[in-house]
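For reference, my_file_16.pdb is printed below; it contains PDB, C-alpha atoms.
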```
ATOM      1  CA  MET A  16      88.937-150.907  48.081
ATOM      2  CA  ILE A  17      90.572-150.783  51.526
ATOM      3  CA  LYS A  18      94.130-149.524  51.998
ATOM      4  CA  HIS A  19      96.053-151.071  54.901
ATOM      5  CA  ILE A  20      99.193-149.101  55.755
ATOM      6  CA  VAL A  21     101.430-150.182  58.638
ATOM      7  CA  MET A  22     104.701-148.572  59.761
ATOM      8  CA  TRP A  23     107.229-149.884  62.263
ATOM      9  CA  LYS A  24     110.210-148.486  64.132
ATOM     10  CA  LEU A  25     112.482-151.387  65.021
ATOM     11  CA  ALA A  26     114.165-151.895  68.367
ATOM     12  CA  ASP A  27     117.349-152.748  66.436
ATOM     13  CA  PRO A  28     117.561-151.509  62.816
ATOM     14  CA  ALA A  29     119.993-154.361  62.105
ATOM     15  CA  ASN A  30     116.874-156.578  61.939
ATOM     16  CA  ILE A  31     115.396-154.795  58.899
ATOM     17  CA  ALA A  32     116.186-157.628  56.436
ATOM     18  CA  ARG A  33     114.688-160.269  58.750
ATOM     19  CA  PHE A  34     111.628-158.107  59.394
ATOM     20  CA  LYS A  35     111.079-157.608  55.652
ATOM     21  CA  ALA A  36     111.482-161.323  54.916
ATOM     22  CA  GLU A  37     108.879-162.184  57.560
ATOM     23  CA  LEU A  38     106.447-159.635  56.134
ATOM     24  CA  ASP A  39     107.026-160.781  52.555
ATOM     25  CA  SER A  40     105.871-164.274  53.583
ATOM     26  CA  CYS A  41     102.349-162.816  53.931
ATOM     27  CA  LYS A  42     102.077-161.684  50.314
ATOM     28  CA  GLY A  43      99.152-163.302  48.503
ATOM     29  CA  LEU A  44      97.752-165.048  51.576
ATOM     30  CA  VAL A  45      94.093-164.350  50.841
ATOM     31  CA  PRO A  46      91.827-163.734  47.869
ATOM     32  CA  GLY A  47      91.086-160.045  47.476
ATOM     33  CA  MET A  48      94.608-158.874  48.315
ATOM     34  CA  ARG A  49      95.369-156.451  45.464
ATOM     35  CA  GLU A  50      98.647-154.891  46.560
ATOM     36  CA  PHE A  51     101.360-155.863  49.011
ATOM     37  CA  GLU A  52     104.568-153.846  49.077
ATOM     38  CA  VAL A  53     107.140-153.765  51.859
ATOM     39  CA  GLY A  54     109.510-150.796  51.920
ATOM     40  CA  THR A  55     112.526-150.291  54.165
ATOM     41  CA  ARG A  56     114.557-147.318  55.327
ATOM     42  CA  ALA A  57     117.201-146.395  52.756
ATOM     43  CA  GLU A  58     120.439-144.573  53.425
ATOM     44  CA  GLY A  59     120.316-140.939  52.333
ATOM     45  CA  PHE A  60     116.513-140.550  52.538
ATOM     46  CA  GLU A  61     114.467-139.022  55.333
ATOM     47  CA  ALA A  62     112.629-141.566  57.477
ATOM     48  CA  ASN A  63     110.955-141.661  60.870
ATOM     49  CA  VAL A  64     110.255-145.391  60.628
ATOM     50  CA  ASP A  65     112.279-148.394  59.485
ATOM     51  CA  VAL A  66     109.699-150.495  57.625
ATOM     52  CA  ILE A  67     106.367-149.809  55.914
ATOM     53  CA  LEU A  68     103.697-152.122  54.537
ATOM     54  CA  ASN A  69     101.549-150.588  51.803
ATOM     55  CA  SER A  70      98.741-152.998  50.963
ATOM     56  CA  ALA A  71      95.259-152.937  49.464
ATOM     57  CA  PHE A  72      92.274-155.269  49.657
ATOM     58  CA  ASP A  73      89.089-155.547  47.623
ATOM     59  CA  ASP A  74      86.927-154.968  50.692
ATOM     60  CA  LYS A  75      86.796-155.083  54.480
ATOM     61  CA  ALA A  76      86.084-158.829  54.419
ATOM     62  CA  SER A  77      89.330-159.475  52.504
ATOM     63  CA  LEU A  78      91.301-157.384  54.994
ATOM     64  CA  GLU A  79      89.689-159.217  57.916
ATOM     65  CA  ALA A  80      90.533-162.585  56.322
ATOM     66  CA  TYR A  81      94.162-161.466  56.072
ATOM     67  CA  LEU A  82      94.292-160.239  59.671
ATOM     68  CA  VAL A  83      93.046-163.565  61.099
ATOM     69  CA  HIS A  84      95.021-165.812  58.710
ATOM     70  CA  PRO A  85      97.303-168.198  60.677
ATOM     71  CA  GLN A  86     100.422-167.137  58.740
ATOM     72  CA  HIS A  87      99.702-163.456  59.437
ATOM     73  CA  LYS A  88      99.172-164.217  63.126
ATOM     74  CA  LYS A  89     102.474-166.134  63.263
ATOM     75  CA  VAL A  90     104.391-163.338  61.518
ATOM     76  CA  ALA A  91     102.773-160.662  63.705
ATOM     77  CA  GLY A  92     104.028-162.528  66.770
ATOM     78  CA  VAL A  93     107.594-162.516  65.457
ATOM     79  CA  LEU A  94     107.453-158.880  64.361
ATOM     80  CA  GLY A  95     106.144-157.826  67.755
ATOM     81  CA  THR A  96     109.387-159.000  69.348
ATOM     82  CA  LEU A  97     111.486-156.922  66.921
ATOM     83  CA  ARG A  98     109.659-153.602  66.983
ATOM     84  CA  GLU A  99     109.810-150.541  69.167
ATOM     85  CA  SER A 100     106.561-149.053  67.829
ATOM     86  CA  ARG A 101     103.828-149.701  65.262
ATOM     87  CA  HIS A 102     101.390-147.357  63.518
ATOM     88  CA  VAL A 103      98.502-148.435  61.297
ATOM     89  CA  LEU A 104      95.945-146.688  59.124
ATOM     90  CA  ASP A 105      93.140-148.463  57.257
ATOM     91  CA  TYR A 106      90.963-146.398  54.962
ATOM     92  CA  GLU A 107      88.471-146.860  52.172
ATOM     93  CA  ILE A 108      88.911-145.671  48.606
ATOM     94  CA  ASN A 109      85.684-145.254  46.636
TER      95      ASN A 109
END
```
Turn the structure described in the file into structure tokens.
Amino acid sequence: MIKHIVMWKLADPANIARFKAELDSCKGLVPGMREFEVGTRAEGFEANVDVILNSAFDDKASLEAYLVHPQHKKVAGVLGTLRESRHVLDYEIN
């Protein structure tokens, strides 16, 4: 299984709801997507980022299919205009 974790700091935190809605439109896009959870900064909790995507895929091929999917590409274009920074970590779980 491959974990795909992405974290964003937004240019304007007022866009958190829009950002989350865009990301949520990618849930279930490809076979092999096991998990897809979008979390957002919550008042009263420590956070260095505004939004996180915690997802998992059966294998590298499933992750690659997600990354090149037209809906993902469209959403990534929108998100790129709303973010200040992005961090990603993909890793394998045996």
Please identify every residue of stretch 17-47 of chain A that has at least one atom no farther than 10 Å from an atom of stretch 86-98 of chain A, counting only C-alpha atoms, and for each give the shortest atom pair and the distance in Å to one decimal, arranged by chain then increasing number, as a Markdown table.
```
| residue | atom | partner | partner_atom | distance |
| --- | --- | --- | --- | --- |
| A:Trp23 | CA | A:Arg98 | CA | 6.5 |
| A:Lys24 | CA | A:Arg98 | CA | 5.9 |
| A:Leu25 | CA | A:Arg98 | CA | 4.1 |
| A:Ala26 | CA | A:Arg98 | CA | 5.0 |
| A:Asp27 | CA | A:Leu97 | CA | 7.2 |
| A:Pro28 | CA | A:Leu97 | CA | 9.1 |
| A:Asn30 | CA | A:Leu97 | CA | 7.3 |
| A:Ile31 | CA | A:Leu97 | CA | 9.2 |
| A:Arg33 | CA | A:Leu94 | CA | 9.3 |
| A:Phe34 | CA | A:Leu94 | CA | 6.5 |
| A:Lys35 | CA | A:Leu94 | CA | 9.5 |
| A:Ala36 | CA | A:Val90 | CA | 9.9 |
| A:Glu37 | CA | A:Val90 | CA | 6.1 |
| A:Leu38 | CA | A:Val90 | CA | 6.9 |
| A:Asp39 | CA | A:Val90 | CA | 9.7 |
| A:Ser40 | CA | A:Gln86 | CA | 8.0 |
| A:Cys41 | CA | A:His87 | CA | 6.1 |
| A:Lys42 | CA | A:His87 | CA | 9.6 |
| A:Leu44 | CA | A:Gln86 | CA | 7.9 |
```
Residues near A:Ile108, cut-off 10 Å, only C-alpha atoms, skip fewer than 5 positions along chain, as a list of chain:residue names: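 Final neighbour list, sorted by chain and number: A:Met16, A:Ile17, A:Lys18, A:Ala71, A:Asp73, A:Asp74.
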Prev. selection, C-alpha atoms, output as a PDB file, in the frame of the given file:
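Listing of part_29.pdb after writing:
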```
ATOM      1  CA  MET A  16      88.937-150.907  48.081  1.00  0.00           C
ATOM      2  CA  ILE A  17      90.572-150.783  51.526  1.00  0.00           C
ATOM      3  CA  LYS A  18      94.130-149.524  51.998  1.00  0.00           C
ATOM      4  CA  ALA A  71      95.259-152.937  49.464  1.00  0.00           C
ATOM      5  CA  ASP A  73      89.089-155.547  47.623  1.00  0.00           C
ATOM      6  CA  ASP A  74      86.927-154.968  50.692  1.00  0.00           C
TER       7      ASP A  74
END
```
Interatomic distance (Å, one decimal) between atom CA of A:Val66 and atom CA of A:Pro85: 21.8 Å
Taken to one decimal, the atom CA of A:Glu50-atom CA of A:Glu99 distance is 25.6 Å
Computed interatomic separation between atom CA of A:Val21 and atom CA of A:Arg56 (Å):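 Going from atom CA of A:Val21 over to atom CA of A:Arg56, I get 13.8 Å.
Between A:Met48 and the residues A:Leu104, A:Leu68, A:Leu78, A:Val83, the shortest atom-to-atom distance, using all atoms listed in the file, involves A:Leu78.
Closest to A:Ala32 among A:Ala76, A:Ile20, A:Ala57, A:Val103 is A:Ala57, based on all atoms listed in the file.
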